[in-house]
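> So that we are looking at the same thing, I have put the structure below in structure tokens.
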Amino acid sequence: MFIKALTGKFAASSYTLYIPLLVAGLILPVVIKDDFIIRVLILTYFFIMFSASWNLLAYSGQGSLGHAAFLGIGAFVSTIIVKFGIAPVIGIFTGAAAAATAGLFLGILCVRLREWFLGLVTFGFAIIMAALVNESSVFINVMNSLLSSLGSTGALDPNMLGGSFGIYSPHIVSSDMYYYLFLFAMTGTIMATHLIFRSKMGFAFAAIRENEVEASMMGVDVTRYKLMAFMISTFMAGFAGALFAPYNYFINPEIFSIHYSFMPVIMTISGGIGTIGGPLVGGLVINLLWEQMGMMGMSIDRLLILGAILILEIMFLPKGLMPWIKKLWRRVAGTTFQDMPL
Amino acid sequence: MADITTLLQVLIWGLTAGCIYILMAVGLNMIFGVMKVVNFAHGEVMMIGAFASYWLWSLTNHNPYIVMFLSMLLVGGFGIIIERFGFRKVMGTGKLNEIFLSLGLIYILQSAAVKLWTDDVRKIESPYGSMTLDMGMLNITYDRLIAIAFTALILISLHLFLTKTDLGRALRATSQNHEAAMLMGVDVNRIYMLSFGIGAALAASAGTVNAILSPFTPYMGTIPGIMAFVVIIIGGLGSIPGAIVGGLLLGLVQNFTIFYFGGAWKEAVAFIMLIIVLIFKPTGLFGEGRH
Amino acid sequence: MVNNAKMLIIAVIISTVIVAGCAGPSEEVQSENANPGNIKIGLVAPLSGGASDVGGDMKQAAILAVEEINAAGGVYVDEYQKKLPLELVEGDTKTSPAEGVTAVERLITRENVAVLVGGFSSGVTYADEVPAAGKVAYVITGASSSSVTRRTDIDTSCFYHYCSTTDDYSQPIIQFFVEELKPLVAPERDLKLALLYRDDPFGQGCYQSCVDYIEAEDLPVEIVAAEKFPAGESDFHTYLTKIADAKPDAVYSIDFVEGTSSMYIQGQRDVGLNTVYMAVECNEDPAFYELLGEWGDGHLLETKFAPYASDYLPMVGEYKEAYIARWGEMPGMMGADTYDGIYLVANAIERAGNLDRLRINDAIKQTDEEERLLLMDGGKITFDEHNEISPKIFVEQMSWDEESGELTPHIVWPEYVKEMDFVLPDNYEMGG
């Protein structure tokens, strides 16, 4: 499917837009020598990836309020695997796969639930994950005694998840390479959502979002596609988490906090929910605004402003900034441009 | 094994914790039952209620239990404003938008409370603070008894209001069928404001009871707000008996979990209960039909 | 098909917008050798989020110290042959590791601070140290875990721990119980101690160092109950009921102001656990006494800074008055460490003679000066091989005055600073 989409009729028009995006991304570190700005950009790319993952789930009509759970699962699993001395690439993908497995489990539970249930169950799942990590030493001790009763000599370190303190997460690339890692990962994530939205699967997601009953009458296997949306979305979230932990050099249960669950919601809505470019635009605008406010010494005020932005957008700009960007795009790119990809 | 007095004592702690959950969950169910709207910021409304009572109490120095009724009125009015200028605007544009609106409210109400009242720890001094009812092996403070009695009072008056008054009947009719109620001449918009106002007032009473029992900060509402949701899902969305049973159940289960397994599981056990209920009876204990 | 030239134009526009948007002011950052107007000191603290009250105390104390130093003309820097004023630059950690790293990174690369002071919460500090490792001196004044200067995975030569660690406070508390409480209530048997602690690195650290210390010294103390609770808990009834079941001689409660005061009150009033309660030093805060009221009578508080009992050290009295004059409230303990920290780095900058970060770091390392708000072993501030200080810890007992309606603490231990003897609370009931 991937190859087909790349070589298909969309390739010529839509996907060329990634070239200026990547070029712009690659120019930036050459122009900017400031480590702090680079960090802000990396965080922005991270949130764009994370928002894109949340957006994919929302595209199928399922709004998660606990996406931080999958971010954290990816981060912890990958960190532990890397610390065992296994290649980071394997660690990252295993972390993402672990998040997708958890996502599948939760998806099965939630597939028959409506919006508010789903929101609450996902929200609760993040809290359960935080409690599990906080109490991890208890479980690891139980596992160790089980292992030893089975005749195993090796034992796991009961403190390997760090409990509520946290653990250090070794670097997976040299520290000046993170920028490029996140840039490519972010572009890849956006491209993946682009491919999915334009595929048969994407149409099924949209149909389910608009009306589940009609979708199933049209022959869409609602359960199957809802679960697929869950798995793909949580895989992406886990992937983002697996990159985030080593970049911060540290990981603790704070990753399961509502800050990380709500940020992608706010960012996606700001950009435009259900659009390919929404997470990109929203992540860029909200994260840069957030850091700019931090630089101006705002603390409580920036939370207040964040809440006000969210409410004002839902009331007056429910489609986010994307319609404006599209308008601007038409003016810049001319009328010959038919298939607006973002 | 713990002796029976200890277990009874834990039972009482569970009951009073349950009372606060009940006040929260009944209010949330009023709103949901009538408007089919979910307010994730219900816990923040509770916190605003606690601060409103604190503010009135420190201003007038009256008995906090009397001040509480004034604060319920104030916060009820505040709830009406939120409904009229917030939720009303996004109703019908998709359930997700209502959820997102309440997320925004969480940020705004919490930060606004920090700006208005700072994040210092506060407490409301009860005139019965040091009085306890001695029942042989058990001691119960008056404040706890009042909390239990007050919850019962609220539930009975709510029941009477809903069954014996015209307005209450209109409210129930709206909750059962909007269109039919509208055809019967019920002003649905007024009913929406009323139900949101009652819900907010109940949250304010929960906040005040909580503030009398223990110190509080602008961050006090987050966990009770979420727990109220767990309660109404366990009990059944829109069902007031469900909210009562669910609230008591959650209060008891949480406190016995602390007793037997330790406090680290207090919050997680609520969601484990939630998941169990969703697997075996997705409509909740008292829920009717499928949602 | 989109015109490639237009693509390129768009790419350039995107980059320029971002560069202009966030890189603009960075041109103002001057190199360290240019003549700077101010000496920038970075304050790392939780200024928003659940711990913002602590952050507020740290910030107020730091501002006070900076204003005092600037009122005296600032800090003399030899290289410029003049006094330069200090400038405090805040970095809000939100008690989040990732936000903390961002804040410290900004202070170092953007604000170009000469030195960092602050750092609250061990987990957050553990993360936000990383960008400073080996580059900028960081005087940590609010993290209790000793791992922040003893970790081996990064270069810790720039980190200084100017506050007490969980070992620093749990050990004297146990000593106090053995020396003062045991002879009164359990002369013949082991003292029965119950712990009620917050389930986070701070609480677990306190708990663990109690257990380790009792075992290492083979002390006659038995831990009969150890309950942990999630951070932010305010309903302690069931925990306390469980503890009451174990019939302890004393309860060591480990939390911040809101939780600890709830434990004291709920334990005595609701559960009927009439024993003696001990709190950790971060409760040395005016709010603690206000919340406790009469329920604090006869109970204990471990601290290393006692503004209410200010006679033991003249500087504390002066600081208290200055703090009240500036902020209209009593100072708390978290701010005292930070206040000292600012003076410590100001003196180090003066000794270094220029604003080179590594020179300042060397100067801090060689600190050997008179104690300020915190009493030190030997009366001098010095950093040991782990870059830790050795503060003196004491225990206060609170007494409630019915007439004035005030709860005031008095130092009861150890011998050289004590104002009065420790007595059992009036309602004390024997454990065992």
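Starting from 1 in every chain, residues are counted up; chains themselves are A, B, ... following the order of the structure tokens, and ligands are numbered from 1 as listed.
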Can you check which residues of chain B have any atom within 10 Å of chain C? Use only C-alpha atoms and format it as a VMD selection string.

chain B and resid 2 to 3 6 to 7 9 to 14 17 110 to 111 114 118 to 125 129 to 132 138 to 144 210 213 to 220 223 254 to 267

> At a cut-off of 10 Å, using only C-alpha atoms, what residues contact Lys59 in chain C? Leave out same-chain residues fewer than 6 positions from it and give the result as a list in words.

Leu43, Val44, Ala45, Pro46, Leu47, Asp53, Ala65, Leu88, Glu90, Gly118, Met334, Gly335, Thr338 and Tyr339 of chain C

> Please provide the set of residues having any atom within 10 Å of Ala206 in chain A, restricted to only C-alpha atoms, with same-chain residues fewer than 6 positions apart removed, written as a list in words.

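Surrounding residues, per the criterion: Ala58, Tyr59, Ser60, Gly61, Phe197, Lys200, Glu212, Ala215 and Gly274 of chain A.
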
> Mind dumping the selected residues with all heavy atoms as a PDB file, in the first residue's frame?


```pdb
ATOM      1  N   ALA A  58      -8.736  10.363  16.678  1.00  0.00           N
ATOM      2  CA  ALA A  58      -9.897  11.255  16.636  1.00  0.00           C
ATOM      3  C   ALA A  58     -10.543  11.215  15.250  1.00  0.00           C
ATOM      4  O   ALA A  58     -11.757  11.363  15.121  1.00  0.00           O
ATOM      5  CB  ALA A  58      -9.478  12.679  16.982  1.00  0.00           C
ATOM      6  N   TYR A  59      -9.728  10.977  14.210  1.00  0.00           N
ATOM      7  CA  TYR A  59     -10.234  10.901  12.833  1.00  0.00           C
ATOM      8  C   TYR A  59     -11.246   9.768  12.701  1.00  0.00           C
ATOM      9  O   TYR A  59     -12.160   9.841  11.904  1.00  0.00           O
ATOM     10  CB  TYR A  59      -9.045  10.681  11.888  1.00  0.00           C
ATOM     11  CG  TYR A  59      -9.361  10.880  10.435  1.00  0.00           C
ATOM     12  CD1 TYR A  59      -9.586  12.152   9.938  1.00  0.00           C
ATOM     13  CD2 TYR A  59      -9.419   9.801   9.556  1.00  0.00           C
ATOM     14  CE1 TYR A  59      -9.868  12.345   8.594  1.00  0.00           C
ATOM     15  CE2 TYR A  59      -9.698   9.985   8.220  1.00  0.00           C
ATOM     16  CZ  TYR A  59      -9.925  11.253   7.740  1.00  0.00           C
ATOM     17  OH  TYR A  59     -10.207  11.446   6.410  1.00  0.00           O
ATOM     18  N   SER A  60     -11.060   8.720  13.519  1.00  0.00           N
ATOM     19  CA  SER A  60     -12.017   7.624  13.478  1.00  0.00           C
ATOM     20  C   SER A  60     -13.139   7.838  14.484  1.00  0.00           C
ATOM     21  O   SER A  60     -13.874   6.917  14.798  1.00  0.00           O
ATOM     22  CB  SER A  60     -11.315   6.298  13.737  1.00  0.00           C
ATOM     23  OG  SER A  60     -10.963   6.219  15.103  1.00  0.00           O
ATOM     24  N   GLY A  61     -13.227   9.056  15.041  1.00  0.00           N
ATOM     25  CA  GLY A  61     -14.322   9.381  15.946  1.00  0.00           C
ATOM     26  C   GLY A  61     -14.066   9.011  17.394  1.00  0.00           C
ATOM     27  O   GLY A  61     -14.967   9.078  18.213  1.00  0.00           O
ATOM     28  N   PHE A 197      -4.981   8.467   5.765  1.00  0.00           N
ATOM     29  CA  PHE A 197      -6.206   9.237   5.525  1.00  0.00           C
ATOM     30  C   PHE A 197      -6.672   9.096   4.073  1.00  0.00           C
ATOM     31  O   PHE A 197      -7.851   9.152   3.785  1.00  0.00           O
ATOM     32  CB  PHE A 197      -5.982  10.730   5.846  1.00  0.00           C
ATOM     33  CG  PHE A 197      -5.963  11.045   7.319  1.00  0.00           C
ATOM     34  CD1 PHE A 197      -5.920  10.036   8.265  1.00  0.00           C
ATOM     35  CD2 PHE A 197      -6.008  12.358   7.760  1.00  0.00           C
ATOM     36  CE1 PHE A 197      -5.906  10.322   9.620  1.00  0.00           C
ATOM     37  CE2 PHE A 197      -5.990  12.655   9.116  1.00  0.00           C
ATOM     38  CZ  PHE A 197      -5.930  11.633  10.045  1.00  0.00           C
ATOM     39  N   LYS A 200      -8.116   3.446   1.727  1.00  0.00           N
ATOM     40  CA  LYS A 200      -9.445   2.886   1.976  1.00  0.00           C
ATOM     41  C   LYS A 200      -9.728   2.910   3.469  1.00  0.00           C
ATOM     42  O   LYS A 200     -10.838   3.198   3.916  1.00  0.00           O
ATOM     43  CB  LYS A 200      -9.453   1.449   1.436  1.00  0.00           C
ATOM     44  CG  LYS A 200     -10.829   0.821   1.413  1.00  0.00           C
ATOM     45  CD  LYS A 200     -10.724  -0.626   0.937  1.00  0.00           C
ATOM     46  CE  LYS A 200     -11.794  -1.459   1.603  1.00  0.00           C
ATOM     47  NZ  LYS A 200     -11.376  -2.812   1.906  1.00  0.00           N
ATOM     48  N   GLU A 212     -21.732   5.726  12.677  1.00  0.00           N
ATOM     49  CA  GLU A 212     -21.335   4.331  12.798  1.00  0.00           C
ATOM     50  C   GLU A 212     -22.330   3.393  12.127  1.00  0.00           C
ATOM     51  O   GLU A 212     -21.955   2.443  11.444  1.00  0.00           O
ATOM     52  CB  GLU A 212     -21.230   3.972  14.279  1.00  0.00           C
ATOM     53  CG  GLU A 212     -19.826   3.660  14.709  1.00  0.00           C
ATOM     54  CD  GLU A 212     -19.758   3.374  16.191  1.00  0.00           C
ATOM     55  OE1 GLU A 212     -20.279   2.350  16.610  1.00  0.00           O
ATOM     56  OE2 GLU A 212     -19.174   4.199  16.915  1.00  0.00           O
ATOM     57  N   ALA A 215     -22.142   3.600   8.421  1.00  0.00           N
ATOM     58  CA  ALA A 215     -20.879   3.002   7.973  1.00  0.00           C
ATOM     59  C   ALA A 215     -21.023   1.492   7.909  1.00  0.00           C
ATOM     60  O   ALA A 215     -20.605   0.854   6.937  1.00  0.00           O
ATOM     61  CB  ALA A 215     -19.744   3.393   8.903  1.00  0.00           C
ATOM     62  N   GLY A 274      -8.775  16.279  12.652  1.00  0.00           N
ATOM     63  CA  GLY A 274      -9.127  15.459  11.494  1.00  0.00           C
ATOM     64  C   GLY A 274      -8.477  15.877  10.197  1.00  0.00           C
ATOM     65  O   GLY A 274      -8.815  15.357   9.145  1.00  0.00           O
TER      66      GLY A 274
END
```

> DSSP on the backbone: which residues in range 92-276 of chain C end up as helix (DSSP H, G or I)? Give the answer as JSON, numbers by chain.

{"C": [97, 98, 99, 100, 101, 102, 103, 104, 105, 106, 107, 108, 109, 110, 122, 123, 124, 125, 126, 127, 128, 130, 131, 132, 147, 148, 149, 150, 166, 167, 168, 169, 170, 171, 172, 173, 174, 175, 176, 177, 178, 179, 180, 181, 182, 183, 184, 185, 201, 202, 203, 204, 205, 206, 207, 208, 209, 210, 211, 212, 213, 214, 215, 216, 217, 237, 238, 239, 240, 241, 242, 243, 244, 245, 257, 258, 259, 260, 261, 262, 263, 264, 265, 266, 267, 268, 269, 270, 271]}

> For a test of reading the model, state the distance in Å between CA of Asn387 in chain C and CA of Asp368 in chain C, rounded to one decimal.

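Separation of CA of Asn387 in chain C and CA of Asp368 in chain C: 12.5 Å.
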
> Please return, as JSON, numbers by chain, all residues of chain A lying within 8 Å of chain C when only C-alpha atoms are considered.

{"A": [12, 13, 17, 19, 20, 21, 23, 24, 25, 27, 28, 31, 32, 34, 35, 36, 37, 39, 40, 164, 165, 166, 248, 249, 250, 251, 252, 254, 288, 292, 294, 295, 297, 299, 300, 332, 333, 336, 337]}

> Using only C-alpha atoms and a cut-off of 8 Å, which residues of chain B sit close to chain A? Please list them as an MDAnalysis selection string.

chainID B and resid 38 89:90 95:97 99:101 103:108 111:112 114:115 229:230 233 264:265 267:268 271:272 274:275 278:279 291

> Show me, as number ranges by chain, the residues that have an atom within 8 Å of range 275-278 of chain C when counting only C-alpha atoms, minus same-chain residues fewer than 2 positions from it.

C: 248-253, 264, 268, 273, 280, 298-302, 424-425, 427-431

> DSSP on the backbone, strand (DSSP E or B) only: what residues of range 86-335 of chain A does that give? Format it as a list in words.

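In range 86-335 of chain A, DSSP puts these residues in strand (DSSP E or B): Ile167, Tyr168, Phe250 and Ile251 of chain A.
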
> For Ala96 in chain A, list every protein, DNA or RNA residue within 6 Å, evaluated using only C-alpha atoms, and leave out those in the same chain fewer than 4 positions away; present the list as a VMD selection string.

chain A and resid 74 235 238 to 239

> What's around Ala99 in chain A at 9 Å? Count only C-alpha atoms, leave out sequence neighbours fewer than 6 positions away in its own chain, and write the answer as a list in words.

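So the residues in contact are Ala69, Phe70, Leu71, Gly72, Ile73, Gly74, Val77, Met231, Thr234, Phe235, Met236, Ala237, Gly238 and Phe239 of chain A.
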
> Those selected residues, please, written with N, CA, C and O atoms and delivered as an mmCIF file, in the first residue's frame.


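This is the output file again-v1.cif:
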```cif
data_model
loop_
_atom_site.group_PDB
_atom_site.id
_atom_site.type_symbol
_atom_site.label_atom_id
_atom_site.label_comp_id
_atom_site.auth_asym_id
_atom_site.auth_seq_id
_atom_site.Cartn_x
_atom_site.Cartn_y
_atom_site.Cartn_z
ATOM 1 N N ALA A 69 -0.738 7.559 28.428
ATOM 2 C CA ALA A 69 -0.485 6.168 28.827
ATOM 3 C C ALA A 69 0.386 5.476 27.786
ATOM 4 O O ALA A 69 1.358 4.795 28.127
ATOM 5 N N PHE A 70 0.078 5.681 26.510
ATOM 6 C CA PHE A 70 0.801 4.976 25.454
ATOM 7 C C PHE A 70 2.172 5.602 25.216
ATOM 8 O O PHE A 70 3.137 4.915 24.923
ATOM 9 N N LEU A 71 2.219 6.917 25.388
ATOM 10 C CA LEU A 71 3.508 7.610 25.328
ATOM 11 C C LEU A 71 4.452 6.995 26.367
ATOM 12 O O LEU A 71 5.605 6.661 26.077
ATOM 13 N N GLY A 72 3.915 6.827 27.582
ATOM 14 C CA GLY A 72 4.728 6.311 28.687
ATOM 15 C C GLY A 72 5.114 4.859 28.496
ATOM 16 O O GLY A 72 6.244 4.477 28.781
ATOM 17 N N ILE A 73 4.177 4.042 27.985
ATOM 18 C CA ILE A 73 4.504 2.631 27.772
ATOM 19 C C ILE A 73 5.658 2.528 26.779
ATOM 20 O O ILE A 73 6.642 1.817 27.016
ATOM 21 N N GLY A 74 5.544 3.256 25.672
ATOM 22 C CA GLY A 74 6.628 3.240 24.687
ATOM 23 C C GLY A 74 7.941 3.674 25.310
ATOM 24 O O GLY A 74 8.982 3.058 25.098
ATOM 25 N N VAL A 77 9.204 0.905 28.062
ATOM 26 C CA VAL A 77 9.621 -0.376 27.482
ATOM 27 C C VAL A 77 10.901 -0.190 26.677
ATOM 28 O O VAL A 77 11.865 -0.952 26.827
ATOM 29 N N MET A 231 -4.794 0.806 17.284
ATOM 30 C CA MET A 231 -3.442 0.229 17.268
ATOM 31 C C MET A 231 -2.449 1.144 16.573
ATOM 32 O O MET A 231 -1.342 1.354 17.054
ATOM 33 N N THR A 234 -1.823 4.265 18.799
ATOM 34 C CA THR A 234 -1.024 4.024 20.002
ATOM 35 C C THR A 234 0.403 3.601 19.638
ATOM 36 O O THR A 234 1.341 3.877 20.380
ATOM 37 N N PHE A 235 0.557 2.959 18.478
ATOM 38 C CA PHE A 235 1.912 2.637 18.019
ATOM 39 C C PHE A 235 2.710 3.931 17.826
ATOM 40 O O PHE A 235 3.844 4.061 18.289
ATOM 41 N N MET A 236 2.057 4.894 17.178
ATOM 42 C CA MET A 236 2.739 6.176 16.945
ATOM 43 C C MET A 236 3.050 6.882 18.264
ATOM 44 O O MET A 236 4.131 7.456 18.436
ATOM 45 N N ALA A 237 2.112 6.827 19.201
ATOM 46 C CA ALA A 237 2.341 7.467 20.499
ATOM 47 C C ALA A 237 3.507 6.798 21.221
ATOM 48 O O ALA A 237 4.383 7.469 21.778
ATOM 49 N N GLY A 238 3.522 5.465 21.183
ATOM 50 C CA GLY A 238 4.614 4.732 21.827
ATOM 51 C C GLY A 238 5.947 5.060 21.174
ATOM 52 O O GLY A 238 6.974 5.203 21.850
ATOM 53 N N PHE A 239 5.935 5.200 19.863
ATOM 54 C CA PHE A 239 7.137 5.551 19.117
ATOM 55 C C PHE A 239 7.656 6.923 19.574
ATOM 56 O O PHE A 239 8.847 7.090 19.870
#
```

> Tell me which protein, DNA and RNA residues are within 10 Å of range 152-168 of chain B, counting only C-alpha atoms, leaving out same-chain ones fewer than 3 positions away, and put them as an MDAnalysis selection string.

chainID B and resid 19 22:23 26 146:149 171:174 186 191 194:195 198 202 205 240:241 244

> Kindly save the residues from that selection, with N, CA and C atoms included, as an mmCIF file, in the first residue's frame.


```cif
data_model
loop_
_atom_site.group_PDB
_atom_site.id
_atom_site.type_symbol
_atom_site.label_atom_id
_atom_site.label_comp_id
_atom_site.auth_asym_id
_atom_site.auth_seq_id
_atom_site.Cartn_x
_atom_site.Cartn_y
_atom_site.Cartn_z
ATOM 1 N N CYS B 19 -20.034 9.940 50.764
ATOM 2 C CA CYS B 19 -20.992 11.049 50.742
ATOM 3 C C CYS B 19 -20.543 12.143 49.781
ATOM 4 N N ILE B 22 -21.081 11.022 46.369
ATOM 5 C CA ILE B 22 -22.502 11.026 46.006
ATOM 6 C C ILE B 22 -22.928 12.436 45.601
ATOM 7 N N LEU B 23 -22.575 13.424 46.418
ATOM 8 C CA LEU B 23 -22.967 14.801 46.100
ATOM 9 C C LEU B 23 -22.434 15.209 44.729
ATOM 10 N N VAL B 26 -24.286 12.864 41.896
ATOM 11 C CA VAL B 26 -25.693 13.187 41.650
ATOM 12 C C VAL B 26 -25.768 14.463 40.812
ATOM 13 N N ILE B 146 -22.695 15.428 60.395
ATOM 14 C CA ILE B 146 -23.393 16.464 59.627
ATOM 15 C C ILE B 146 -23.255 16.179 58.130
ATOM 16 N N ALA B 147 -22.051 15.783 57.725
ATOM 17 C CA ALA B 147 -21.832 15.501 56.303
ATOM 18 C C ALA B 147 -22.780 14.409 55.829
ATOM 19 N N ILE B 148 -22.915 13.362 56.647
ATOM 20 C CA ILE B 148 -23.792 12.246 56.262
ATOM 21 C C ILE B 148 -25.249 12.720 56.248
ATOM 22 N N ALA B 149 -25.650 13.426 57.311
ATOM 23 C CA ALA B 149 -27.035 13.892 57.408
ATOM 24 C C ALA B 149 -27.345 14.869 56.279
ATOM 25 N N LEU B 171 -38.442 18.870 34.392
ATOM 26 C CA LEU B 171 -37.034 18.489 34.289
ATOM 27 C C LEU B 171 -36.899 17.004 33.949
ATOM 28 N N ARG B 172 -37.716 16.203 34.638
ATOM 29 C CA ARG B 172 -37.637 14.767 34.351
ATOM 30 C C ARG B 172 -38.130 14.458 32.948
ATOM 31 N N ALA B 173 -39.169 15.172 32.553
ATOM 32 C CA ALA B 173 -39.704 14.944 31.208
ATOM 33 C C ALA B 173 -38.642 15.261 30.157
ATOM 34 N N THR B 174 -37.930 16.378 30.360
ATOM 35 C CA THR B 174 -36.884 16.755 29.419
ATOM 36 C C THR B 174 -35.810 15.683 29.368
ATOM 37 N N VAL B 186 -42.662 22.743 27.479
ATOM 38 C CA VAL B 186 -41.564 22.966 28.429
ATOM 39 C C VAL B 186 -40.503 23.823 27.747
ATOM 40 N N ILE B 191 -34.782 24.679 31.336
ATOM 41 C CA ILE B 191 -34.523 23.426 32.068
ATOM 42 C C ILE B 191 -33.027 23.103 32.046
ATOM 43 N N LEU B 194 -31.377 25.283 34.531
ATOM 44 C CA LEU B 194 -31.736 24.834 35.876
ATOM 45 C C LEU B 194 -30.927 23.605 36.270
ATOM 46 N N SER B 195 -30.847 22.625 35.372
ATOM 47 C CA SER B 195 -30.158 21.390 35.746
ATOM 48 C C SER B 195 -28.665 21.658 35.944
ATOM 49 N N ILE B 198 -28.340 23.311 39.337
ATOM 50 C CA ILE B 198 -28.453 22.372 40.463
ATOM 51 C C ILE B 198 -27.176 21.547 40.578
ATOM 52 N N LEU B 202 -24.750 21.430 43.836
ATOM 53 C CA LEU B 202 -24.402 20.203 44.557
ATOM 54 C C LEU B 202 -22.881 20.055 44.648
ATOM 55 N N SER B 205 -21.670 22.196 47.368
ATOM 56 C CA SER B 205 -21.869 21.645 48.707
ATOM 57 C C SER B 205 -20.825 20.571 48.990
ATOM 58 N N ILE B 240 -29.947 8.413 39.209
ATOM 59 C CA ILE B 240 -29.612 8.971 40.518
ATOM 60 C C ILE B 240 -29.432 7.877 41.575
ATOM 61 N N PRO B 241 -30.290 6.849 41.629
ATOM 62 C CA PRO B 241 -29.990 5.744 42.565
ATOM 63 C C PRO B 241 -28.625 5.127 42.270
ATOM 64 N N ILE B 244 -25.951 7.108 43.852
ATOM 65 C CA ILE B 244 -25.865 6.928 45.308
ATOM 66 C C ILE B 244 -25.145 5.630 45.632
#
```

> Could you work out how far CA of Tyr323 in chain C lies from CA of Met398 in chain C, giving the answer in Å with one decimal?

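Going from CA of Met398 in chain C over to CA of Tyr323 in chain C, I get 22.4 Å.
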